[in-house]
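Data from upload-v6.txt: compact mmCIF, C-alpha atoms and all ligand atoms
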```txt
# COMPACT_ATOMS: atom_id res chain seq x y z
CA THR A 9 77.16 80.24 94.63
CA ALA A 10 74.20 81.36 96.70
CA HIS A 11 76.40 83.66 98.78
CA PHE A 12 78.01 85.31 95.87
CA ASP A 13 75.80 87.52 93.76
CA ILE A 14 78.05 88.57 90.91
CA ASN A 15 75.41 90.83 89.36
CA ALA A 16 74.96 92.75 92.59
CA ILE A 17 78.70 93.19 92.89
CA ARG A 18 79.16 94.25 89.31
CA GLN A 19 76.49 96.91 89.55
CA GLN A 20 78.57 98.62 92.18
CA PHE A 21 81.40 99.25 89.73
CA PRO A 22 80.23 101.85 87.21
CA ALA A 23 83.45 101.73 85.16
CA LEU A 24 82.83 98.11 84.21
CA ASP A 25 79.64 99.05 82.43
CA GLN A 26 81.11 100.49 79.25
CA GLN A 27 82.16 99.59 75.75
CA SER A 28 85.74 99.51 74.60
CA ASN A 29 86.38 99.54 70.86
CA GLY A 30 82.79 98.60 70.18
CA GLN A 31 82.78 95.59 72.51
CA PRO A 32 81.75 95.23 76.15
CA LEU A 33 84.79 96.14 78.22
CA VAL A 34 86.46 93.06 79.69
CA TYR A 35 88.70 94.32 82.46
CA LEU A 36 91.37 91.75 83.30
CA ASP A 37 93.96 94.14 84.67
CA SER A 38 93.01 94.38 88.33
CA ALA A 39 96.53 93.53 89.47
CA ALA A 40 97.60 96.82 87.89
CA THR A 41 94.74 98.65 89.54
CA THR A 42 91.23 97.69 90.54
CA GLN A 43 88.07 99.49 89.50
CA LYS A 44 86.24 101.39 92.24
CA PRO A 45 82.83 100.70 93.77
CA HIS A 46 80.22 103.40 94.38
CA ALA A 47 81.03 103.21 98.11
CA VAL A 48 84.49 104.61 97.34
CA ILE A 49 83.47 107.09 94.65
CA ASP A 50 80.70 108.44 96.89
CA THR A 51 83.10 108.84 99.80
CA ILE A 52 85.37 111.07 97.71
CA ARG A 53 82.44 113.06 96.37
CA HIS A 54 80.96 113.48 99.82
CA TYR A 55 84.29 114.49 101.32
CA TYR A 56 84.88 117.27 98.82
CA SER A 57 81.21 118.29 98.77
CA SER A 58 80.86 118.84 102.49
CA GLN A 59 83.73 117.71 104.70
CA ASN A 60 86.88 119.17 103.18
CA ALA A 61 89.26 120.85 105.63
CA ASN A 62 92.90 120.49 106.50
CA VAL A 63 93.62 118.06 109.29
CA HIS A 64 95.53 118.44 112.56
CA ARG A 65 95.82 122.18 112.15
CA GLY A 66 93.08 124.73 112.54
CA SER A 67 90.65 125.19 115.34
CA HIS A 68 87.25 125.10 113.69
CA SER A 69 84.60 122.40 113.56
CA LEU A 70 85.22 121.31 109.99
CA THR A 71 88.90 120.61 110.61
CA ALA A 72 88.11 118.83 113.85
CA SER A 73 85.65 116.59 112.04
CA ALA A 74 88.04 115.92 109.14
CA THR A 75 90.77 115.03 111.64
CA THR A 76 88.49 112.61 113.46
CA GLN A 77 87.55 110.90 110.21
CA PHE A 78 91.14 110.78 109.06
CA GLU A 79 92.19 109.06 112.29
CA GLN A 80 89.20 106.72 112.13
CA ALA A 81 90.33 105.73 108.66
CA ARG A 82 93.75 104.85 110.09
CA GLU A 83 91.99 102.68 112.62
CA VAL A 84 90.18 100.87 109.78
CA VAL A 85 93.54 100.08 108.18
CA ARG A 86 94.92 98.95 111.53
CA ALA A 87 92.08 96.51 112.02
CA PHE A 88 92.31 95.31 108.40
CA ILE A 89 95.85 94.01 108.96
CA ASN A 90 95.45 93.42 112.70
CA ALA A 91 98.22 95.76 113.78
CA SER A 92 98.22 96.17 117.54
CA ASP A 93 98.20 99.97 117.51
CA SER A 94 97.04 102.53 114.94
CA LYS A 95 100.30 104.41 115.55
CA GLU A 96 101.92 101.58 113.61
CA VAL A 97 100.03 102.60 110.47
CA ILE A 98 101.65 105.35 108.41
CA TRP A 99 99.83 106.82 105.42
CA THR A 100 101.87 106.83 102.24
CA ARG A 101 101.15 107.38 98.55
CA GLY A 102 101.30 103.64 98.02
CA ALA A 103 103.50 100.58 98.33
CA THR A 104 106.33 102.28 96.46
CA GLU A 105 106.53 105.22 98.81
CA ALA A 106 106.26 102.94 101.84
CA LEU A 107 109.23 100.86 100.66
CA ASN A 108 111.25 104.01 100.02
CA LEU A 109 110.40 105.22 103.52
CA ILE A 110 111.75 102.00 105.04
CA ALA A 111 114.89 102.19 102.90
CA GLN A 112 115.60 105.86 103.54
CA SER A 113 114.71 105.90 107.21
CA TYR A 114 115.28 102.47 108.74
CA ALA A 115 117.91 101.12 106.37
CA ARG A 116 119.83 104.31 105.79
CA SER A 117 120.23 104.92 109.51
CA THR A 118 121.20 101.37 110.45
CA LEU A 119 123.15 99.76 107.59
CA GLN A 120 126.93 99.57 107.74
CA PRO A 121 129.33 98.92 104.86
CA GLY A 122 129.26 95.21 104.02
CA ASP A 123 125.82 94.61 105.50
CA GLU A 124 123.53 92.58 103.28
CA ILE A 125 119.96 93.05 102.05
CA LEU A 126 118.38 89.91 100.60
CA VAL A 127 115.81 90.62 97.91
CA SER A 128 113.99 88.01 95.86
CA GLU A 129 114.57 87.79 92.15
CA MET A 130 110.81 87.90 91.62
CA GLU A 131 110.27 91.37 93.06
CA HIS A 132 108.57 94.36 91.55
CA HIS A 133 111.07 97.17 90.92
CA ALA A 134 109.52 98.98 93.88
CA ASN A 135 111.02 96.32 96.14
CA ILE A 136 114.44 96.33 94.44
CA VAL A 137 115.45 99.84 93.49
CA PRO A 138 114.97 101.50 96.93
CA TRP A 139 117.34 98.86 98.35
CA GLN A 140 119.90 99.48 95.62
CA MET A 141 119.72 103.20 96.35
CA VAL A 142 120.28 102.78 100.08
CA ALA A 143 123.03 100.23 99.44
CA GLU A 144 124.78 102.84 97.36
CA GLN A 145 124.41 105.36 100.16
CA THR A 146 125.61 103.09 102.97
CA GLY A 147 128.02 100.63 101.40
CA ALA A 148 125.66 97.73 102.02
CA LYS A 149 125.09 95.05 99.38
CA VAL A 150 121.91 93.80 97.74
CA LEU A 151 121.93 90.03 97.16
CA LYS A 152 119.27 88.19 95.21
CA ILE A 153 117.32 85.20 96.43
CA PRO A 154 117.00 83.21 93.20
CA MET A 155 113.88 81.80 91.67
CA LEU A 156 113.39 78.15 90.72
CA PRO A 157 112.14 77.20 87.23
CA ASP A 158 108.61 76.74 88.59
CA CYS A 159 108.54 80.41 89.69
CA THR A 160 108.82 79.74 93.38
CA LEU A 161 111.67 80.96 95.54
CA ASP A 162 114.74 78.81 96.02
CA MET A 163 114.44 78.36 99.78
CA THR A 164 117.66 76.32 99.95
CA ALA A 165 119.59 79.16 98.38
CA PHE A 166 117.82 81.57 100.74
CA ALA A 167 118.94 79.55 103.76
CA GLU A 168 122.51 79.61 102.45
CA LEU A 169 122.44 83.36 101.80
CA LEU A 170 121.25 84.17 105.30
CA GLY A 171 124.14 85.01 107.58
CA PRO A 172 125.48 87.37 110.19
CA ARG A 173 125.73 90.19 107.64
CA THR A 174 122.08 89.87 106.64
CA LYS A 175 120.19 92.87 108.02
CA ILE A 176 117.09 93.05 105.85
CA VAL A 177 115.08 90.45 103.92
CA ALA A 178 112.61 91.95 101.44
CA VAL A 179 110.08 89.82 99.58
CA ALA A 180 106.60 90.13 98.15
CA HIS A 181 103.74 88.32 99.79
CA VAL A 182 102.36 87.48 96.32
CA SER A 183 104.14 87.95 92.97
CA ASN A 184 102.52 90.37 90.55
CA VAL A 185 103.80 88.33 87.59
CA THR A 186 102.78 84.75 88.40
CA GLY A 187 100.68 85.10 91.54
CA THR A 188 103.19 82.96 93.41
CA ARG A 189 102.44 83.14 97.13
CA HIS A 190 105.81 83.17 98.83
CA PRO A 191 106.18 81.27 102.12
CA ILE A 192 106.54 84.51 104.02
CA GLU A 193 105.85 82.90 107.38
CA ALA A 194 108.99 80.75 106.98
CA ILE A 195 110.94 83.62 105.43
CA ILE A 196 110.14 85.97 108.31
CA GLU A 197 111.04 83.34 110.88
CA ALA A 198 114.34 82.54 109.18
CA ALA A 199 115.18 86.25 108.86
CA HIS A 200 114.57 86.74 112.58
CA ARG A 201 116.71 83.74 113.48
CA ALA A 202 119.54 85.34 111.51
CA GLY A 203 119.00 88.63 113.35
CA ALA A 204 117.54 90.42 110.32
CA ILE A 205 114.24 92.19 109.85
CA ALA A 206 111.65 91.20 107.24
CA VAL A 207 109.95 93.63 104.88
CA ILE A 208 106.87 92.26 103.12
CA ASP A 209 105.42 93.85 99.99
CA GLY A 210 101.75 93.02 100.30
CA ALA A 211 100.59 94.98 97.23
CA GLN A 212 99.18 91.88 95.48
CA ALA A 213 98.04 90.03 98.59
CA VAL A 214 95.71 92.21 100.62
CA ALA A 215 92.85 92.18 98.10
CA HIS A 216 92.81 88.40 98.13
CA GLU A 217 93.51 87.16 101.62
CA PRO A 218 93.12 88.40 105.18
CA VAL A 219 96.47 89.55 106.55
CA ASP A 220 97.47 89.50 110.19
CA VAL A 221 100.75 91.31 110.67
CA GLN A 222 101.02 90.18 114.28
CA ALA A 223 100.54 86.50 113.44
CA LEU A 224 103.06 86.89 110.63
CA ASP A 225 105.44 88.75 112.93
CA ALA A 226 106.35 90.97 109.94
CA ASP A 227 108.58 93.91 110.84
CA PHE A 228 107.20 95.99 107.97
CA TYR A 229 104.26 95.29 105.67
CA VAL A 230 103.28 97.64 102.84
CA PHE A 231 100.41 97.96 100.40
CA SER A 232 98.62 100.32 98.02
CA GLY A 233 95.01 101.42 98.22
CA HIS A 234 94.39 101.36 94.49
CA LYS A 235 94.78 97.58 94.25
CA ILE A 236 92.06 97.10 96.88
CA PHE A 237 89.33 99.23 95.30
CA ALA A 238 90.55 102.55 96.78
CA PRO A 239 91.90 105.51 94.78
CA THR A 240 95.46 105.94 93.53
CA GLY A 241 97.82 108.04 95.62
CA ILE A 242 97.07 106.43 98.97
CA GLY A 243 98.59 103.43 100.69
CA ALA A 244 99.92 102.27 103.99
CA LEU A 245 103.07 101.28 105.76
CA TYR A 246 102.79 99.02 108.76
CA GLY A 247 105.85 98.92 111.00
CA LYS A 248 106.43 97.47 114.42
CA ARG A 249 106.21 100.27 116.92
CA ALA A 250 109.60 99.53 118.47
CA LEU A 251 111.22 99.98 115.05
CA LEU A 252 109.23 103.04 114.01
CA GLU A 253 110.03 104.77 117.32
CA THR A 254 113.77 104.54 116.74
CA MET A 255 113.68 105.50 113.06
CA PRO A 256 114.54 109.04 111.98
CA PRO A 257 112.00 111.03 109.94
CA TRP A 258 112.61 111.11 106.22
CA HIS A 259 110.50 113.98 104.87
CA GLY A 260 110.65 117.28 106.70
CA GLY A 261 107.86 119.82 106.98
CA GLY A 262 104.68 120.57 108.83
CA LYS A 263 103.07 118.07 111.17
CA MET A 264 106.19 115.93 111.60
CA VAL A 265 107.63 118.42 114.08
CA GLU A 266 107.01 119.16 117.72
CA LYS A 267 108.94 122.41 117.88
CA VAL A 268 110.97 124.09 115.18
CA SER A 269 113.68 126.55 116.03
CA PHE A 270 116.87 127.57 114.33
CA ASP A 271 118.68 126.16 117.32
CA GLY A 272 117.26 122.73 116.59
CA THR A 273 113.99 121.01 115.87
CA THR A 274 112.20 118.24 117.74
CA TYR A 275 110.02 115.71 115.98
CA SER A 276 106.45 114.58 116.52
CA GLN A 277 105.40 111.27 117.97
CA LEU A 278 104.16 108.43 115.77
CA PRO A 279 102.53 108.40 113.32
CA GLY A 280 102.95 112.12 112.59
CA LYS A 281 106.73 111.83 112.50
CA PHE A 282 106.48 110.14 109.10
CA GLU A 283 103.65 112.23 107.66
CA ALA A 284 105.09 115.61 106.74
CA GLY A 285 102.79 118.01 104.97
CA THR A 286 99.09 117.97 104.22
CA PRO A 287 98.07 114.36 103.71
CA ASN A 288 95.71 112.82 101.18
CA VAL A 289 92.68 113.10 103.45
CA ALA A 290 90.10 112.15 100.82
CA GLY A 291 92.28 109.20 99.82
CA SER A 292 92.52 107.98 103.40
CA LEU A 293 88.77 108.17 103.88
CA ALA A 294 88.19 106.45 100.56
CA MET A 295 90.69 103.73 101.44
CA ALA A 296 88.79 103.09 104.65
CA ALA A 297 85.56 102.96 102.61
CA ALA A 298 87.17 100.44 100.24
CA ILE A 299 88.30 98.24 103.11
CA ARG A 300 84.88 98.38 104.73
CA TRP A 301 83.33 97.48 101.39
CA LEU A 302 85.70 94.56 100.87
CA GLU A 303 85.09 93.25 104.36
CA GLU A 304 81.34 93.27 103.76
CA GLN A 305 81.81 90.80 100.92
CA ASP A 306 82.00 87.06 101.39
CA ARG A 307 85.74 86.96 100.77
CA THR A 308 86.00 83.18 100.73
CA ALA A 309 83.27 82.90 98.11
CA ALA A 310 84.88 85.74 96.17
CA GLU A 311 88.20 83.91 96.01
CA GLN A 312 86.50 80.69 94.92
CA HIS A 313 84.79 82.67 92.17
CA ILE A 314 88.14 84.18 91.10
CA HIS A 315 89.93 80.82 91.11
CA ALA A 316 87.16 79.22 89.06
CA LEU A 317 87.32 82.03 86.49
CA ARG A 318 91.07 81.71 86.28
CA GLN A 319 90.79 77.99 85.66
CA ARG A 320 88.16 78.64 82.99
CA ALA A 321 90.53 81.05 81.25
CA ILE A 322 93.44 78.62 81.43
CA ASP A 323 91.34 75.73 80.11
CA GLY A 324 90.04 77.90 77.29
CA ILE A 325 93.43 78.99 75.98
CA SER A 326 95.74 76.07 76.71
CA ALA A 327 95.18 74.44 73.30
CA ILE A 328 96.55 77.50 71.47
CA ASP A 329 99.75 76.62 69.58
CA ASP A 330 102.99 77.68 71.27
CA LEU A 331 101.18 79.19 74.25
CA ARG A 332 103.02 78.73 77.54
CA ILE A 333 101.78 79.66 80.98
CA LEU A 334 104.75 80.70 83.09
CA GLY A 335 105.05 79.23 86.56
CA LEU A 336 101.43 78.26 86.92
CA GLN A 337 100.45 78.48 90.58
CA PRO A 338 97.47 76.95 92.34
CA ASP A 339 94.58 79.08 93.60
CA THR A 340 95.58 82.59 92.78
CA SER A 341 93.98 85.51 90.99
CA LEU A 342 96.34 85.90 88.05
CA PHE A 343 98.59 84.18 85.56
CA SER A 344 101.16 85.15 82.95
CA PHE A 345 101.62 83.60 79.53
CA VAL A 346 103.58 84.00 76.34
CA VAL A 347 102.95 82.77 72.84
CA ASP A 348 106.32 81.75 71.48
CA GLY A 349 107.21 83.56 68.28
CA VAL A 350 104.63 86.32 68.78
CA HIS A 351 105.35 89.59 70.57
CA HIS A 352 103.21 90.08 73.66
CA GLN A 353 102.39 93.66 72.72
CA ASP A 354 100.98 92.59 69.36
CA ILE A 355 98.62 90.20 71.12
CA ALA A 356 97.63 92.86 73.65
CA THR A 357 96.80 95.28 70.84
CA LEU A 358 94.54 92.75 69.11
CA LEU A 359 92.87 91.92 72.42
CA ASP A 360 92.32 95.59 73.12
CA GLN A 361 90.62 95.97 69.75
CA GLN A 362 88.18 93.31 70.94
CA GLY A 363 87.45 95.08 74.23
CA VAL A 364 89.81 93.02 76.37
CA ALA A 365 92.07 94.99 78.73
CA LEU A 366 95.06 93.19 80.16
CA ARG A 367 98.67 93.93 80.87
CA ALA A 368 101.47 93.14 78.46
CA GLY A 369 105.08 93.89 79.28
CA HIS A 370 107.71 93.33 81.92
CA HIS A 371 105.39 94.10 84.87
CA CYS A 372 108.11 96.22 86.51
CA ALA A 373 110.05 93.02 87.14
CA HIS A 374 113.07 93.06 84.80
CA PRO A 375 115.12 90.58 86.87
CA MET A 376 112.27 88.08 86.83
CA MET A 377 111.82 88.50 83.07
CA ASP A 378 115.55 87.82 82.68
CA ALA A 379 115.25 84.70 84.85
CA LEU A 380 112.30 83.53 82.75
CA GLY A 381 114.20 84.30 79.54
CA VAL A 382 111.43 86.48 78.12
CA SER A 383 111.17 90.20 77.35
CA GLY A 384 107.64 90.34 78.69
CA THR A 385 104.45 88.40 79.24
CA LEU A 386 100.72 88.83 78.97
CA ARG A 387 99.05 88.86 82.35
CA VAL A 388 95.44 88.04 83.06
CA SER A 389 94.42 89.27 86.50
CA ILE A 390 90.97 88.67 87.88
CA ALA A 391 88.93 90.42 90.55
CA LEU A 392 85.68 89.47 92.21
CA TYR A 393 83.69 91.60 89.75
CA ASN A 394 84.74 89.58 86.70
CA THR A 395 82.25 87.19 85.09
CA GLU A 396 82.25 84.01 83.04
CA GLN A 397 81.25 86.18 80.08
CA ASP A 398 84.41 88.23 80.57
CA ILE A 399 86.48 85.09 80.46
CA ASP A 400 84.69 83.69 77.43
CA GLN A 401 85.13 86.97 75.54
CA PHE A 402 88.83 86.90 76.44
CA ILE A 403 89.21 83.29 75.26
CA ALA A 404 87.50 84.00 71.94
CA ALA A 405 89.52 87.19 71.48
CA LEU A 406 92.80 85.43 72.16
CA HIS A 407 92.01 82.61 69.72
CA LYS A 408 91.22 85.21 67.09
CA ALA A 409 94.36 87.24 67.82
CA CYS A 410 96.59 84.18 67.60
CA SER A 411 95.00 83.07 64.34
CA LEU A 412 95.78 86.49 62.84
CA LEU A 413 99.39 86.69 64.03
N1 LIG B 1 104.75 95.63 94.56
C1 LIG B 1 103.98 94.85 93.80
C2 LIG B 1 104.04 93.37 93.98
C3 LIG B 1 103.12 95.43 92.88
O1 LIG B 1 102.35 94.64 92.11
C4 LIG B 1 103.07 96.83 92.74
C5 LIG B 1 102.17 97.51 91.74
N2 LIG B 1 102.24 96.96 90.44
C6 LIG B 1 103.90 97.59 93.57
C7 LIG B 1 104.72 96.97 94.46
C8 LIG B 1 103.93 99.07 93.50
O2 LIG B 1 102.73 99.61 93.91
P1 LIG B 1 102.40 101.15 93.67
O3 LIG B 1 102.75 101.43 92.24
O4 LIG B 1 100.95 101.24 93.93
O5 LIG B 1 103.22 101.93 94.64
```
Please render this file's structure as structure tokens.
Ligand code: PMP
Amino acid sequence: TAHFDINAIRQQFPALDQQSNGQPLVYLDSAATTQKPHAVIDTIRHYYSSQNANVHRGSHSLTASATTQFEQAREVVRAFINASDSKEVIWTRGATEALNLIAQSYARSTLQPGDEILVSEMEHHANIVPWQMVAEQTGAKVLKIPMLPDCTLDMTAFAELLGPRTKIVAVAHVSNVTGTRHPIEAIIEAAHRAGAIAVIDGAQAVAHEPVDVQALDADFYVFSGHKIFAPTGIGALYGKRALLETMPPWHGGGKMVEKVSFDGTTYSQLPGKFEAGTPNVAGSLAMAAAIRWLEEQDRTAAEQHIHALRQRAIDGISAIDDLRILGLQPDTSLFSFVVDGVHHQDIATLLDQQGVALRAGHHCAHPMMDALGVSGTLRVSIALYNTEQDIDQFIAALHKACSLL
């Protein structure tokens, strides 16, 4: 479209401009991690070239400036998800660490034996295992919200599972396997009616749709920077202030304390209480740069572009013998498929030899693979920097791979 200049976008991602195994690289693995635009790479370079200092500590100009930028970056994240207060944004290493923080601070300090945590069957391991760990520690139980054959959640079963013992409901906003967009608005509302809190794993959502945590009324919402064009090792936890205020710290160290003495230690206010130790300052600044970059794009046009490319890919491969797309969803950025009788890894290897990078495997979602009755899938995930040529090279490569296997 006129608004959407794919060439201009692509030029901002240096990593896309390379060969892989003698072919132009076709990067269809953005759900695993996105490539980074110059705006982000330059922010990191600039930070370490001229701004680097520890934050919230010393008393010189460089540290004061780094601290200001670090807190401004938090404000960028706050605005990105429309939290009401930047104190509700906690820096983490990513979605995984944020979910562990909720489990080990909120859940560990509130759950009683017999309490129930409802977790969808379609979750990434990052939104399952931390709950199993805290269940073990507290005597609570993890119950699964089952999936229907079309790879959507069984909302009837969910309604039946909800009860007075339900304390936490944890679901993804968007599935990393099928791109299923869960009805989190309804899930959050139902959780609240049952007296439970709702934890939303937004790792696959934030790159593709504007999120408003206040409109959603989510209690916690987590995501990773590296899936929205920022570096690895940085992410964010949003939590309602009233919850965060009552939660105990989980990591101990510098910055999370007010006063340390061997007679007893008092803890910092939010957000410092949950940010022990020297943070990933460059990562925070780069995450803010990534968000600013994303918000400068025409996001509606970008999604239309992504959906059109996905449809092109699906149309181009659907005639392949024994190929099945699993739980095909409308208007999303990714899809998973299998070719019956052929191992997914063998296909991925042949695609890789033709320059096509995608993810083959269980996608850190063993329970969902079990529910689907497969050991793994191939996943095509598309970002705004992908082109029709990428898709056509993928289609040709897959036809060739399947004819060889
Ligand atoms: N949840 C979902 C839905 C994901 O796709 C991922 C990343 N694959 C994660 C959680 C974990 O994110 P990270 O590894 O960045 O902590």
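Residues in contact with Phe88 in chain A at 10 Å, where all atoms listed in the file are counted and same-chain residues fewer than 3 positions away are skipped, are listed as Arg82, Glu83, Val84, Val85, Ala91, Val214, Pro218, Val219, Asp220, Val221, Ala296, Ile299, Arg300 and Glu303 of chain A.
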With only C-alpha atoms and all ligand atoms counted and 10 Å as the cut-off, give the residues of chain A in contact with ligand LIG 1 (chain B), each with its shortest interatomic distance in Å and the pair that gives it, as a tab-separated table.
```
residue	atom	partner	partner_atom	distance
A:Ser38	CA	B:LIG1	N2	9.8
A:Ala39	CA	B:LIG1	O1	6.5
A:Ala40	CA	B:LIG1	N2	5.3
A:Thr41	CA	B:LIG1	N2	7.7
A:Thr100	CA	B:LIG1	O5	9.1
A:Arg101	CA	B:LIG1	O5	7.0
A:Gly102	CA	B:LIG1	O5	4.2
A:Ala103	CA	B:LIG1	O5	3.9
A:Thr104	CA	B:LIG1	O5	3.6
A:Glu105	CA	B:LIG1	O5	6.3
A:Ala106	CA	B:LIG1	O5	7.9
A:Leu107	CA	B:LIG1	O5	8.6
A:Asn108	CA	B:LIG1	O5	9.9
A:Met130	CA	B:LIG1	C2	9.0
A:Glu131	CA	B:LIG1	C2	6.6
A:His132	CA	B:LIG1	N1	5.0
A:His133	CA	B:LIG1	C7	7.3
A:Ala134	CA	B:LIG1	C7	5.2
A:Asn135	CA	B:LIG1	N1	6.5
A:Ile136	CA	B:LIG1	N1	9.7
A:Val179	CA	B:LIG1	C2	9.0
A:Ala180	CA	B:LIG1	C2	5.9
A:His181	CA	B:LIG1	C2	7.7
A:Val182	CA	B:LIG1	C2	6.6
A:Ser183	CA	B:LIG1	C2	5.5
A:Asn184	CA	B:LIG1	O1	4.5
A:Val185	CA	B:LIG1	O1	7.9
A:Gly187	CA	B:LIG1	C2	9.3
A:Ile208	CA	B:LIG1	N1	9.4
A:Asp209	CA	B:LIG1	N1	5.8
A:Gly210	CA	B:LIG1	C2	6.7
A:Ala211	CA	B:LIG1	C1	4.8
A:Gln212	CA	B:LIG1	C2	5.3
A:Ala213	CA	B:LIG1	C2	8.3
A:Val230	CA	B:LIG1	C7	8.5
A:Phe231	CA	B:LIG1	O2	7.1
A:Ser232	CA	B:LIG1	O4	4.8
A:Gly233	CA	B:LIG1	O4	7.3
A:His234	CA	B:LIG1	O4	6.6
A:Lys235	CA	B:LIG1	O4	7.2
A:Thr240	CA	B:LIG1	O4	7.2
A:Gly241	CA	B:LIG1	O4	7.7
A:Ile242	CA	B:LIG1	O4	8.2
A:Gly243	CA	B:LIG1	O4	7.5
A:Ala244	CA	B:LIG1	O5	9.9
A:His371	CA	B:LIG1	N2	7.0
A:Cys372	CA	B:LIG1	N2	7.1
A:Ala373	CA	B:LIG1	C2	9.1
```
Using all atoms listed in the file, which protein or nucleic acid residues come within 7 Å of Ile125 in chain A? Drop anything in the same chain fewer than 5 positions from it, and give the result as an NGL selection string. :A and (149-151 or 174-177)
Residue nearest Pro279 in chain A - candidates A:Ala148, A:Val34, A:Ala223, A:Met264, atoms counted: only C-alpha atoms: A:Met264
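Atom to atom, CA of Ile52 in chain A and CA of Gly291 in chain A stand 7.5 Å apart.
Nearest to Thr308 in chain A of all the residues A:Lys152, A:Arg65, A:His407, A:His216 is A:His216, counting all atoms listed in the file.
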Report the distance between CA of Gly247 in chain A and CA of Met141 in chain A in Å, rounded to one decimal place. 20.6 Å
Shell of 8 Å around range 325-331 of chain A, all atoms listed in the file, local chain residues under 5 positions omitted, as a CSV table (one decimal) with C-alpha atoms, in the frame of the given file:
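So around_30.csv came out as:
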```csv
chain,number,residue,atom,x,y,z
A,345,PHE,CA,101.6,83.6,79.5
A,346,VAL,CA,103.6,84.0,76.3
A,347,VAL,CA,103.0,82.8,72.8
A,348,ASP,CA,106.3,81.8,71.5
A,349,GLY,CA,107.2,83.6,68.3
A,403,ILE,CA,89.2,83.3,75.3
A,406,LEU,CA,92.8,85.4,72.2
A,407,HIS,CA,92.0,82.6,69.7
A,410,CYS,CA,96.6,84.2,67.6
```
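Among the candidates A:Ala74, A:Ile89, A:Cys159, A:Ala298, the one nearest to Leu224 in chain A when counting all atoms listed in the file is A:Ile89.
Comparing A:Tyr55, A:Trp99, A:Tyr393, A:Phe228 by their smallest distance to Ala284 in chain A, the closest is A:Trp99 (using only C-alpha atoms).
Distances from A:Val350, A:Arg189, A:Val289, A:Asp158 to Ser411 in chain A were compared using only C-alpha atoms, and the smallest one belongs to A:Val350.
For Arg367 in chain A, the set of protein, DNA and RNA residues having any atom at most 9 Å away, when counting all atoms listed in the file and skipping those fewer than 2 positions along the same chain, is A:Leu36, A:Asp37, A:Ala39, A:Ala40, A:Gln353, A:Ala356, A:Ala365, A:Gly369, A:His371, A:Thr385, A:Leu386, A:Arg387, A:Val388, A:Ser389.
Shortest atom-to-atom contact with Leu109 in chain A among A:Glu311, A:Glu304, A:Glu283, A:Glu168: A:Glu283, counting all atoms listed in the file.
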What is the CA of Gly203 in chain A-CA of Tyr114 in chain A distance in Å, reported with one decimal? 15.1 Å
Residue list as a PyMOL selection string for point (110.7, 82.4, 107.9), cut-off 12 Å, all atoms listed in the file: chain A and resi 163+166-167+170+177-179+190-208+224-226
Shell of 7 Å around Gln43 in chain A, only C-alpha atoms, local chain residues under 4 positions omitted, as a ChimeraX atom specification: /A:21,23,237
